[in-house]
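Dropping run.txt in here (compact mmCIF, C-alpha atoms):
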```txt
# COMPACT_ATOMS: atom_id res chain seq x y z
CA MET W 196 133.58 29.22 -99.01
CA ALA W 197 130.35 27.45 -98.13
CA THR W 198 127.08 28.64 -99.61
CA VAL W 199 123.58 28.11 -98.38
CA VAL W 200 121.40 26.85 -101.22
CA GLY W 201 117.63 26.86 -101.50
CA ASP W 202 116.72 23.23 -101.86
CA ALA W 203 118.09 19.71 -102.23
CA ASP W 204 117.93 19.81 -106.05
CA GLU W 205 120.13 22.89 -106.12
CA ALA W 206 122.43 21.24 -103.58
CA VAL W 207 123.21 18.32 -105.91
CA ALA W 208 123.22 20.32 -109.16
CA GLY W 209 126.17 19.78 -111.50
CA ILE W 210 127.12 16.28 -110.35
CA GLU W 211 128.39 14.55 -113.48
CA ASP W 212 127.84 11.05 -114.80
CA GLY W 213 130.60 8.72 -113.65
CA SER W 214 131.28 10.64 -110.43
CA THR W 215 132.42 9.05 -107.19
CA VAL W 216 129.89 10.02 -104.53
CA LEU W 217 130.63 9.56 -100.83
CA ILE W 218 127.33 9.12 -99.00
CA GLY W 219 127.24 9.40 -95.21
CA GLY W 220 125.32 7.17 -92.86
CA PHE W 221 125.50 3.88 -91.00
CA GLY W 222 122.35 2.04 -91.98
CA THR W 223 119.85 4.88 -91.98
CA ALA W 224 121.44 6.87 -89.11
CA GLY W 225 123.03 9.90 -90.75
CA GLN W 226 121.97 8.90 -94.25
CA PRO W 227 121.14 12.08 -96.21
CA ILE W 228 117.90 10.71 -97.61
CA GLU W 229 116.66 14.01 -99.10
CA LEU W 230 119.95 14.66 -100.92
CA ILE W 231 119.87 11.13 -102.31
CA ASP W 232 116.28 11.68 -103.44
CA ALA W 233 117.48 14.80 -105.28
CA LEU W 234 120.29 12.79 -106.84
CA ILE W 235 117.68 10.34 -108.10
CA ARG W 236 115.64 13.19 -109.60
CA SER W 237 118.77 14.59 -111.30
CA GLY W 238 119.07 11.38 -113.32
CA VAL W 239 122.87 11.31 -113.01
CA SER W 240 124.22 7.86 -113.82
CA ASP W 241 127.23 5.53 -113.82
CA LEU W 242 128.04 6.53 -110.25
CA THR W 243 130.54 4.94 -107.89
CA VAL W 244 128.99 5.17 -104.44
CA VAL W 245 130.94 4.90 -101.20
CA ASN W 246 128.86 4.11 -98.10
CA ASN W 247 129.19 1.71 -95.19
CA ASN W 248 126.22 -0.30 -96.43
CA ALA W 249 124.41 -0.91 -99.69
CA GLY W 250 120.99 0.46 -98.92
CA ASN W 251 118.13 -0.44 -96.62
CA GLY W 252 114.56 -1.12 -97.67
CA ARG W 253 113.53 0.90 -100.72
CA VAL W 254 114.47 4.41 -99.63
CA GLY W 255 117.58 6.56 -99.97
CA LEU W 256 120.60 4.65 -101.23
CA ALA W 257 118.47 1.59 -101.99
CA ALA W 258 116.23 3.72 -104.22
CA LEU W 259 119.29 5.15 -106.02
CA LEU W 260 120.47 1.59 -106.66
CA ALA W 261 117.01 0.44 -107.75
CA ASN W 262 116.93 3.30 -110.23
CA GLY W 263 120.01 1.93 -112.01
CA GLN W 264 122.20 4.97 -111.39
CA VAL W 265 125.00 3.14 -109.60
CA ARG W 266 127.73 1.24 -111.46
CA LYS W 267 129.84 0.34 -108.45
CA ILE W 268 129.52 0.40 -104.68
CA ILE W 269 132.46 0.54 -102.27
CA CYS W 270 131.31 -0.55 -98.81
CA SER W 271 132.02 -2.77 -95.82
CA PHE W 272 128.69 -4.40 -95.09
CA PRO W 273 126.31 -4.79 -98.04
CA ARG W 274 124.40 -7.79 -96.75
CA GLN W 275 121.67 -6.91 -94.27
CA ALA W 276 118.20 -8.13 -93.48
CA ASP W 277 116.67 -5.42 -95.67
CA SER W 278 119.32 -5.03 -98.39
CA TYR W 279 117.20 -6.90 -100.96
CA VAL W 280 117.55 -4.19 -103.64
CA PHE W 281 121.34 -4.51 -103.64
CA ASP W 282 121.24 -8.31 -103.31
CA GLU W 283 119.13 -8.65 -106.45
CA LEU W 284 121.26 -6.25 -108.52
CA TYR W 285 124.49 -7.87 -107.34
CA ARG W 286 123.32 -11.39 -108.11
CA ALA W 287 122.19 -10.21 -111.56
CA GLY W 288 125.65 -8.74 -112.17
CA LYS W 289 124.22 -5.23 -112.48
CA VAL W 290 126.32 -3.59 -109.79
CA GLU W 291 129.99 -4.01 -109.00
CA LEU W 292 131.11 -4.42 -105.36
CA GLU W 293 134.41 -3.45 -103.76
CA LEU W 294 134.36 -4.82 -100.22
CA VAL W 295 136.53 -2.89 -97.75
CA PRO W 296 136.90 -3.47 -94.00
CA GLN W 297 135.01 -0.71 -92.22
CA GLY W 298 138.02 0.89 -90.53
CA THR W 299 140.02 0.76 -93.74
CA LEU W 300 137.10 2.40 -95.56
CA ALA W 301 137.09 5.27 -93.06
CA GLU W 302 140.88 5.61 -93.04
CA ARG W 303 141.15 5.58 -96.85
CA MET W 304 138.82 8.57 -96.94
CA ARG W 305 140.62 10.22 -94.04
CA ALA W 306 143.88 9.79 -96.00
CA ALA W 307 142.30 11.37 -99.06
CA GLY W 308 141.16 14.35 -97.04
CA ALA W 309 144.51 14.71 -95.31
CA GLY W 310 146.64 14.53 -98.46
CA ILE W 311 148.19 11.17 -97.59
CA GLY W 312 149.36 9.24 -100.66
CA ALA W 313 148.80 5.78 -99.15
CA PHE W 314 149.22 4.09 -95.78
CA PHE W 315 150.03 0.70 -94.26
CA SER W 316 147.32 -1.02 -92.21
CA PRO W 317 147.41 -4.32 -90.30
CA THR W 318 143.72 -4.93 -91.01
CA GLY W 319 143.07 -7.80 -93.40
CA VAL W 320 146.57 -9.33 -93.36
CA GLY W 321 146.34 -13.04 -94.18
CA THR W 322 142.73 -12.79 -95.37
CA PRO W 323 141.20 -12.93 -98.86
CA LEU W 324 140.90 -9.12 -98.80
CA ALA W 325 144.71 -8.90 -98.85
CA GLU W 326 144.87 -10.38 -102.33
CA GLY W 327 146.66 -8.15 -104.80
CA LYS W 328 147.79 -5.72 -102.11
CA GLU W 329 151.39 -4.79 -101.47
CA GLY W 330 152.63 -5.95 -98.04
CA ARG W 331 155.31 -4.61 -95.73
CA THR W 332 156.72 -5.81 -92.41
CA ILE W 333 157.39 -2.92 -90.05
CA ASP W 334 158.88 -3.57 -86.60
CA GLY W 335 157.98 -7.24 -86.96
CA ARG W 336 154.31 -6.69 -87.80
CA ASP W 337 152.74 -7.25 -91.23
CA TYR W 338 150.80 -4.50 -92.98
CA LEU W 339 148.96 -3.92 -96.26
CA LEU W 340 149.31 -0.87 -98.45
CA GLU W 341 146.00 0.97 -98.75
CA TYR W 342 145.23 3.83 -101.11
CA PRO W 343 143.01 6.86 -100.48
CA ILE W 344 139.40 7.04 -101.66
CA LYS W 345 138.71 10.48 -103.07
CA GLY W 346 135.20 11.66 -103.76
CA ASP W 347 134.04 14.01 -106.47
CA VAL W 348 131.15 14.81 -104.17
CA ALA W 349 130.23 13.99 -100.56
CA LEU W 350 126.60 13.99 -99.48
CA ILE W 351 126.29 14.06 -95.72
CA LYS W 352 123.83 14.93 -92.98
CA ALA W 353 124.47 16.98 -89.86
CA LEU W 354 122.24 18.40 -87.18
CA ARG W 355 123.12 22.08 -87.48
CA ALA W 356 125.27 24.35 -89.61
CA ASP W 357 126.14 27.99 -89.43
CA THR W 358 126.22 29.90 -92.70
CA LEU W 359 130.01 29.40 -92.87
CA GLY W 360 129.57 25.64 -92.95
CA ASN W 361 130.68 24.82 -89.41
CA LEU W 362 128.84 21.65 -88.44
CA VAL W 363 127.65 19.76 -85.42
CA TYR W 364 126.16 16.30 -85.69
CA ARG W 365 123.77 14.26 -83.60
CA LYS W 366 124.68 11.11 -81.65
CA THR W 367 125.68 8.08 -83.75
CA ALA W 368 124.40 9.79 -86.90
CA ARG W 369 127.82 11.48 -86.99
CA ASN W 370 129.58 8.28 -88.15
CA PHE W 371 131.24 8.85 -91.57
CA GLY W 372 130.13 12.50 -92.01
CA PRO W 373 133.22 14.30 -90.68
CA VAL W 374 135.59 12.01 -92.60
CA MET W 375 133.70 12.21 -95.89
CA ALA W 376 133.43 16.00 -95.59
CA THR W 377 137.22 16.21 -95.88
CA ALA W 378 137.59 13.72 -98.73
CA ALA W 379 135.54 15.18 -101.59
CA LYS W 380 136.00 18.04 -104.04
CA ILE W 381 132.49 19.26 -103.24
CA THR W 382 130.89 18.55 -99.87
CA VAL W 383 127.15 18.96 -99.64
CA VAL W 384 125.48 18.82 -96.24
CA GLN W 385 121.82 18.67 -95.31
CA VAL W 386 120.92 19.97 -91.88
CA SER W 387 117.85 20.48 -89.74
CA GLU W 388 118.84 24.01 -88.78
CA ILE W 389 121.04 26.81 -90.13
CA VAL W 390 122.23 29.51 -87.74
CA GLN W 391 124.26 32.70 -88.14
CA PRO W 392 128.01 32.74 -87.46
CA GLY W 393 128.42 32.69 -83.69
CA GLY W 394 125.36 30.53 -83.30
CA ILE W 395 127.55 27.47 -82.71
CA ASP W 396 130.08 27.47 -79.87
CA PRO W 397 133.47 27.22 -81.64
CA GLU W 398 134.54 24.65 -79.02
CA VAL W 399 131.89 22.19 -80.16
CA VAL W 400 132.31 22.49 -83.94
CA ILE W 401 133.00 19.00 -85.29
CA THR W 402 133.48 19.77 -88.98
CA PRO W 403 135.01 23.20 -89.62
CA GLY W 404 133.44 25.10 -92.50
CA ILE W 405 136.57 24.89 -94.66
CA PHE W 406 135.48 21.33 -95.54
CA VAL W 407 131.94 22.31 -96.54
CA ASP W 408 130.75 23.74 -99.88
CA ARG W 409 126.97 23.61 -99.96
CA ILE W 410 124.47 23.69 -97.10
CA VAL W 411 120.78 23.00 -97.43
CA LYS W 412 118.15 23.05 -94.75
CA ILE W 413 115.65 20.25 -95.12
CA ALA W 414 112.44 21.86 -93.98
CA GLY W 415 109.88 20.20 -91.82
CA VAL W 416 112.21 17.65 -90.35
CA SER W 417 112.88 18.21 -86.70
CA PRO W 418 116.03 16.56 -85.43
CA LEU W 419 114.10 14.42 -82.99
CA ALA W 420 111.31 13.32 -85.26
CA GLU W 421 113.07 12.02 -88.30
CA THR W 422 111.87 8.90 -89.98
CA GLY W 423 114.09 5.98 -90.80
CA ALA W 424 114.15 3.36 -88.12
CA ALA W 425 117.07 1.05 -87.60
CA GLY W 426 117.80 -1.35 -90.40
CA MET Z 139 144.55 -22.50 -64.95
CA ASN Z 140 142.21 -25.52 -64.95
CA ARG Z 141 139.59 -23.89 -62.82
CA GLU Z 142 136.57 -25.50 -61.33
CA PRO Z 143 133.62 -24.93 -63.63
CA ARG Z 144 131.31 -22.16 -62.53
CA PHE Z 145 128.24 -24.04 -63.68
CA ASP Z 146 127.09 -27.65 -63.33
CA SER Z 147 129.76 -29.43 -65.35
CA ALA Z 148 127.40 -32.31 -66.13
CA ARG Z 149 125.44 -30.31 -68.69
CA ARG Z 150 126.46 -28.05 -71.53
CA LEU Z 151 125.96 -24.32 -71.21
CA ASP Z 152 122.99 -22.50 -72.70
CA ARG Z 153 123.23 -19.07 -74.29
CA ASP Z 154 122.61 -17.14 -71.09
CA ASP Z 155 125.15 -19.23 -69.15
CA LEU Z 156 127.73 -18.48 -71.81
CA ALA Z 157 127.03 -14.76 -71.83
CA ARG Z 158 127.24 -14.76 -68.02
CA LEU Z 159 130.52 -16.68 -68.11
CA VAL Z 160 132.11 -14.25 -70.57
CA ALA Z 161 130.82 -11.27 -68.61
CA ALA Z 162 132.44 -12.63 -65.44
CA ASP Z 163 135.82 -12.63 -67.22
CA ILE Z 164 135.64 -9.04 -68.46
CA PRO Z 165 138.10 -6.99 -66.37
CA PRO Z 166 136.52 -4.15 -64.38
CA GLY Z 167 136.99 -0.71 -65.87
CA CYS Z 168 137.95 -1.93 -69.32
CA TYR Z 169 136.87 -0.73 -72.75
CA LEU Z 170 134.86 -3.48 -74.41
CA ASN Z 171 133.37 -4.04 -77.86
CA LEU Z 172 130.66 -6.66 -78.33
CA GLY Z 173 130.05 -8.14 -81.78
CA ILE Z 174 126.65 -8.37 -83.42
CA GLY Z 175 124.34 -11.20 -82.30
CA GLN Z 176 125.15 -13.48 -79.35
CA PRO Z 177 128.07 -11.42 -78.03
CA THR Z 178 125.68 -8.51 -77.46
CA ARG Z 179 124.02 -10.59 -74.70
CA VAL Z 180 127.18 -10.29 -72.61
CA ALA Z 181 126.12 -6.72 -71.81
CA ASP Z 182 123.08 -8.06 -69.96
CA PHE Z 183 125.37 -9.61 -67.34
CA LEU Z 184 127.80 -6.73 -66.77
CA GLU Z 185 126.94 -5.10 -63.46
CA PRO Z 186 127.21 -1.29 -63.77
CA GLU Z 187 129.46 -1.07 -60.70
CA ARG Z 188 132.21 -2.89 -62.62
CA GLY Z 189 132.60 0.22 -64.72
CA VAL Z 190 133.06 -1.53 -68.07
CA ILE Z 191 132.67 0.98 -70.91
CA LEU Z 192 131.07 -0.34 -74.08
CA HIS Z 193 132.35 0.78 -77.46
CA THR Z 194 130.36 0.56 -80.65
CA GLU Z 195 132.09 0.81 -84.02
CA ASN Z 196 129.62 3.38 -85.32
CA GLY Z 197 131.10 6.02 -83.07
CA MET Z 198 130.23 5.80 -79.39
CA LEU Z 199 131.71 4.93 -76.02
CA GLY Z 200 129.38 4.44 -73.08
CA VAL Z 201 126.66 2.51 -74.85
CA GLY Z 202 123.71 1.80 -72.55
CA PRO Z 203 120.98 -0.85 -72.69
CA GLN Z 204 118.71 -1.33 -75.69
CA ALA Z 205 116.10 1.42 -76.08
CA HIS Z 206 112.40 0.62 -76.06
CA GLY Z 207 109.22 2.53 -76.84
CA ALA Z 208 109.49 6.29 -76.53
CA ASP Z 209 113.24 6.05 -75.84
CA ILE Z 210 113.97 4.81 -79.37
CA ASP Z 211 116.01 7.40 -81.27
CA PRO Z 212 116.98 6.57 -84.88
CA ASP Z 213 120.19 8.58 -84.43
CA LEU Z 214 121.29 6.41 -81.50
CA ILE Z 215 122.03 2.84 -82.60
CA ASN Z 216 124.68 0.19 -82.09
CA ALA Z 217 126.70 -1.75 -84.65
CA GLY Z 218 123.80 -4.17 -85.11
CA LYS Z 219 121.62 -1.12 -85.88
CA ILE Z 220 119.61 -1.78 -82.73
CA PRO Z 221 118.37 1.37 -80.94
CA VAL Z 222 120.34 1.86 -77.73
CA THR Z 223 120.66 4.42 -74.92
CA GLU Z 224 123.57 6.49 -73.66
CA THR Z 225 125.12 6.24 -70.20
CA PRO Z 226 126.47 9.22 -68.19
CA GLY Z 227 129.93 9.99 -69.54
CA ALA Z 228 129.18 8.67 -73.01
CA ALA Z 229 131.10 10.11 -75.97
CA TYR Z 230 130.40 10.29 -79.70
CA PHE Z 231 133.08 10.39 -82.40
CA HIS Z 232 133.47 9.81 -86.12
CA HIS Z 233 134.36 6.56 -87.84
CA ALA Z 234 138.08 7.20 -88.35
CA ASP Z 235 138.47 7.81 -84.60
CA SER Z 236 136.32 4.82 -83.77
CA PHE Z 237 138.53 2.49 -85.75
CA ALA Z 238 141.70 4.17 -84.49
CA MET Z 239 140.53 2.96 -81.07
CA MET Z 240 140.61 -0.60 -82.42
CA ARG Z 241 143.57 -0.58 -84.80
CA GLY Z 242 145.60 1.59 -82.46
CA GLY Z 243 145.33 -0.94 -79.64
CA HIS Z 244 143.25 1.20 -77.28
CA LEU Z 245 140.35 -1.22 -76.93
CA ASP Z 246 140.92 -3.79 -74.18
CA VAL Z 247 138.62 -6.63 -75.17
CA CYS Z 248 136.24 -7.54 -77.95
CA VAL Z 249 133.85 -10.48 -77.99
CA LEU Z 250 133.01 -11.89 -81.41
CA GLY Z 251 131.05 -14.78 -82.86
CA ALA Z 252 132.81 -17.21 -85.20
CA PHE Z 253 132.32 -19.88 -87.85
CA GLN Z 254 135.71 -21.35 -86.95
CA VAL Z 255 138.71 -20.66 -84.74
CA SER Z 256 142.01 -22.47 -85.25
CA PHE Z 257 144.12 -23.86 -82.40
CA GLY Z 258 146.60 -21.10 -83.23
CA GLY Z 259 143.99 -18.37 -82.87
CA ASP Z 260 143.10 -17.71 -86.50
CA LEU Z 261 139.54 -16.40 -86.77
CA ALA Z 262 136.98 -17.06 -89.52
CA ASN Z 263 133.73 -15.20 -88.94
CA TRP Z 264 132.82 -13.11 -91.97
CA HIS Z 265 132.28 -15.36 -94.95
CA THR Z 266 131.35 -18.99 -95.47
CA GLY Z 267 133.12 -18.99 -98.80
CA ALA Z 268 129.96 -20.20 -100.54
CA ALA Z 269 129.99 -19.11 -104.17
CA ASP Z 270 126.57 -17.46 -104.05
CA ALA Z 271 127.08 -15.72 -100.69
CA ILE Z 272 127.26 -11.93 -100.69
CA PRO Z 273 130.36 -11.11 -98.67
CA ALA Z 274 130.08 -8.57 -95.86
CA VAL Z 275 132.96 -7.84 -93.52
CA GLY Z 276 131.94 -4.73 -91.59
CA GLY Z 277 134.32 -4.04 -88.72
CA ALA Z 278 135.23 -7.66 -88.02
CA MET Z 279 138.75 -7.57 -89.48
CA ASP Z 280 139.62 -4.31 -87.72
CA LEU Z 281 138.36 -5.65 -84.38
CA ALA Z 282 140.12 -8.98 -84.80
CA ILE Z 283 143.56 -7.47 -85.19
CA GLY Z 284 142.97 -4.37 -83.08
CA ALA Z 285 141.59 -5.29 -79.67
CA LYS Z 286 144.21 -6.31 -77.09
CA ASP Z 287 142.19 -9.43 -76.29
CA VAL Z 288 139.80 -11.14 -78.68
CA PHE Z 289 137.32 -13.51 -77.05
CA VAL Z 290 135.17 -15.72 -79.24
CA LEU Z 291 131.73 -16.86 -78.13
CA MET Z 292 130.35 -19.73 -80.21
CA THR Z 293 128.92 -23.23 -80.12
CA LEU Z 294 131.75 -25.78 -80.17
CA PHE Z 295 130.16 -27.89 -82.88
CA SER Z 296 128.30 -26.88 -86.02
CA LYS Z 297 124.84 -28.22 -86.79
CA ASP Z 298 126.34 -31.19 -88.67
CA GLY Z 299 128.44 -32.05 -85.61
CA SER Z 300 131.81 -30.94 -86.97
CA PRO Z 301 134.06 -29.01 -84.55
CA LYS Z 302 134.42 -25.25 -84.96
CA LEU Z 303 137.67 -25.20 -82.97
CA VAL Z 304 139.93 -26.69 -85.63
CA PRO Z 305 143.60 -27.32 -86.48
CA LYS Z 306 143.26 -25.01 -89.52
CA CYS Z 307 140.31 -22.89 -90.63
CA THR Z 308 138.68 -23.94 -93.87
CA TYR Z 309 136.54 -20.80 -94.11
CA PRO Z 310 138.10 -17.52 -95.30
CA LEU Z 311 140.03 -15.84 -92.49
CA THR Z 312 139.09 -12.64 -90.68
CA GLY Z 313 142.41 -12.36 -88.85
CA VAL Z 314 145.55 -14.38 -88.17
CA ALA Z 315 146.56 -15.58 -84.67
CA CYS Z 316 144.30 -13.01 -83.03
CA VAL Z 317 141.93 -14.99 -80.75
CA SER Z 318 142.99 -15.41 -77.12
CA ARG Z 319 140.02 -17.29 -75.64
CA VAL Z 320 137.11 -19.33 -76.94
CA TYR Z 321 133.92 -19.66 -74.89
CA THR Z 322 131.67 -22.49 -75.98
CA ASP Z 323 128.75 -24.55 -74.75
CA TYR Z 324 131.13 -27.46 -73.98
CA GLY Z 325 134.04 -25.58 -72.47
CA VAL Z 326 136.32 -22.58 -72.23
CA PHE Z 327 139.60 -22.72 -74.13
CA VAL Z 328 142.58 -20.45 -73.62
CA LEU Z 329 144.82 -20.19 -76.68
CA THR Z 330 148.46 -19.79 -75.67
CA ASP Z 331 151.77 -19.72 -77.53
CA HIS Z 332 152.43 -23.33 -76.53
CA GLY Z 333 148.96 -24.75 -77.21
CA VAL Z 334 145.32 -24.84 -76.21
CA VAL Z 335 144.37 -25.01 -72.53
CA ALA Z 336 140.95 -26.47 -71.69
CA ARG Z 337 140.18 -24.22 -68.72
CA GLU Z 338 136.88 -25.89 -67.92
CA THR Z 339 134.60 -28.31 -69.70
CA TYR Z 340 130.88 -29.04 -69.61
CA GLU Z 341 128.93 -32.24 -70.30
CA ILE Z 342 131.91 -33.93 -71.99
CA GLY Z 343 135.09 -34.69 -70.06
CA ARG Z 344 138.44 -33.15 -71.04
CA ASP Z 345 139.82 -36.35 -72.58
CA ASP Z 346 136.71 -37.12 -74.61
CA LEU Z 347 136.57 -33.53 -75.80
CA ALA Z 348 140.23 -33.70 -76.87
CA GLU Z 349 139.43 -36.77 -78.91
CA ARG Z 350 136.43 -35.16 -80.61
CA LEU Z 351 138.48 -32.09 -81.46
CA GLY Z 352 141.58 -34.03 -82.49
CA ILE Z 353 143.72 -32.04 -80.12
CA ARG Z 354 146.11 -32.60 -77.24
CA PHE Z 355 145.39 -29.95 -74.63
CA VAL Z 356 148.32 -28.42 -72.81
CA GLU Z 357 148.49 -27.48 -69.14
CA SER Z 358 148.63 -23.77 -68.49
```

How does this structure look as structure tokens?
Amino acid sequence: MATVVGDADEAVAGIEDGSTVLIGGFGTAGQPIELIDALIRSGVSDLTVVNNNAGNGRVGLAALLANGQVRKIICSFPRQADSYVFDELYRAGKVELELVPQGTLAERMRAAGAGIGAFFSPTGVGTPLAEGKEGRTIDGRDYLLEYPIKGDVALIKALRADTLGNLVYRKTARNFGPVMATAAKITVVQVSEIVQPGGIDPEVVITPGIFVDRIVKIAGVSPLAETGAAG
Amino acid sequence: MNREPRFDSARRLDRDDLARLVAADIPPGCYLNLGIGQPTRVADFLEPERGVILHTENGMLGVGPQAHGADIDPDLINAGKIPVTETPGAAYFHHADSFAMMRGGHLDVCVLGAFQVSFGGDLANWHTGAADAIPAVGGAMDLAIGAKDVFVLMTLFSKDGSPKLVPKCTYPLTGVACVSRVYTDYGVFVLTDHGVVARETYEIGRDDLAERLGIRFVES
């Protein structure tokens, strides 16, 4: 059952060193910056982080990387115009990278959340990212065996939650949130607004509360006035 | 299929010509994904009445033009992380659904940039293979094998003059035998099971181009 907690520090309490942390967002859209800031304050280390990117500028995920708390990052697109924090750490051999095609990244988490042991995907066949992967030809088409990515914790951002953890998102900030919410032992969501049960039309719930464990309202951030421009 | 060129065939195409040429070949009412960079310009030449619906990998169908000024919303961006707008009838969805649209064969066309394309349709567009390069693949591999038609938009020759339409890619592959057409400044090439058709050429004649590329074009 989901619980509403008082602040971001309480929301990330108990995350252990060496955990795999799924962090939502595509660039900065949907990135749970305040939860990441709390993770930085907690001092937890040796993390494996799963995100589409590898941080932008010096905030959020980039700050977590800069603080030396990440051992490995699993992502699809680390190299961006403002990914200089990651670039420097990677070139210095201080962070490990597992590069995964974006759709495979999403589907591996979806599989984890859906209890699928592994699946065959046509993405990456005949490319360097197929190296070391088991292949199979099915109905004349070649596939690669892909394994689930399970999180110890997921940190995601939604627009609104009810106190049961039912979530709605906002525009393209939805991205990985609903998939990651299903794939972790503990799912922590930061929202702009928390309403009572019944405050969200059941027909528009995107993530049902069964996938959510902790909800925190980040005060003072209106959904339309959040910082974090494109990157 | 050797059509008359739609532009002055005596000069090579510039970037806007190319984007206009690709746009003219996008079937009305189709679902289309445009890659980051040059392919994005194709959208500028798609008249709304053709009803083409733009998909972006980060979870949206019905992507509208780039947003400016007060219309910029950090929660509404495209794959290149550029602020965009939504069109009437737009839809948002999560990443697993977005890539199911590609991998599952629901997307009609994607337009991608490339480092190299082989005569057989192999695509190399994610990694130069340089030892110090930080690899980044994003959605390129999923798009390459997922869209029903993969169009490549690129210059035909690299800065050092070497062809980018090649017998065999030397850069790491993005996908195997996945490209169906290549739009370049010097011509449009249709990749078929029996060979490469030079549909139209610009500035350089078909025979001279064949010689520079080391290819024998086939008739459609």

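Using only C-alpha atoms, the shortest contact distance between W:Ala208 and any of W:Leu259, W:Ala325, W:Val348, W:Asp396 is found at W:Val348.
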
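The nearest approach to chain Z among the residues W:Val390, W:Ala257, W:Ala368, W:Leu362, with only C-alpha atoms taken into account, belongs to W:Ala368.
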
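Reported to one decimal place, the separation of atom CA of Z:Phe231 from atom CA of W:Gly319 is 23.5 Å.
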
Smallest atom-to-atom distance to W:Leu292: which of Z:Val160, Z:Ser236, Z:Arg144, Z:Ala274, using only C-alpha atoms?
-> Z:Ala274

What gap, in Å, lies between atom CA of W:Glu293 and atom CA of W:Leu256?
-> 16.2 Å

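Each of Z:Gly197, Z:Pro226, Z:Gly207, Z:Gly259 was checked against chain W using all atoms listed in the file; the smallest atom-to-atom distance is that of Z:Gly197.
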
Could you pull the residues within 9 Å of W:Pro317, counting all atoms listed in the file, minus those fewer than 6 positions along the same chain, as a list of chain:residue names?
-> W:Arg336, W:Asp337, W:Tyr338, W:Leu339, Z:Arg241, Z:Asp280, Z:Ile283, Z:Gly284

For Z:Cys307, work out the shell of residues within 8 Å, counting all atoms listed in the file and skipping chain neighbours fewer than 2 positions away, then give it as a tab-separated table (two decimals) with C-alpha atoms, in the coordinates of the input.
```tsv
chain	number	residue	atom	x	y	z
Z	254	GLN	CA	135.71	-21.35	-86.95
Z	255	VAL	CA	138.71	-20.66	-84.74
Z	256	SER	CA	142.01	-22.47	-85.25
Z	260	ASP	CA	143.10	-17.71	-86.50
Z	261	LEU	CA	139.54	-16.40	-86.77
Z	262	ALA	CA	136.98	-17.06	-89.52
Z	304	VAL	CA	139.93	-26.69	-85.63
Z	305	PRO	CA	143.60	-27.32	-86.48
Z	309	TYR	CA	136.54	-20.80	-94.11
Z	310	PRO	CA	138.10	-17.52	-95.30
Z	311	LEU	CA	140.03	-15.84	-92.49
```
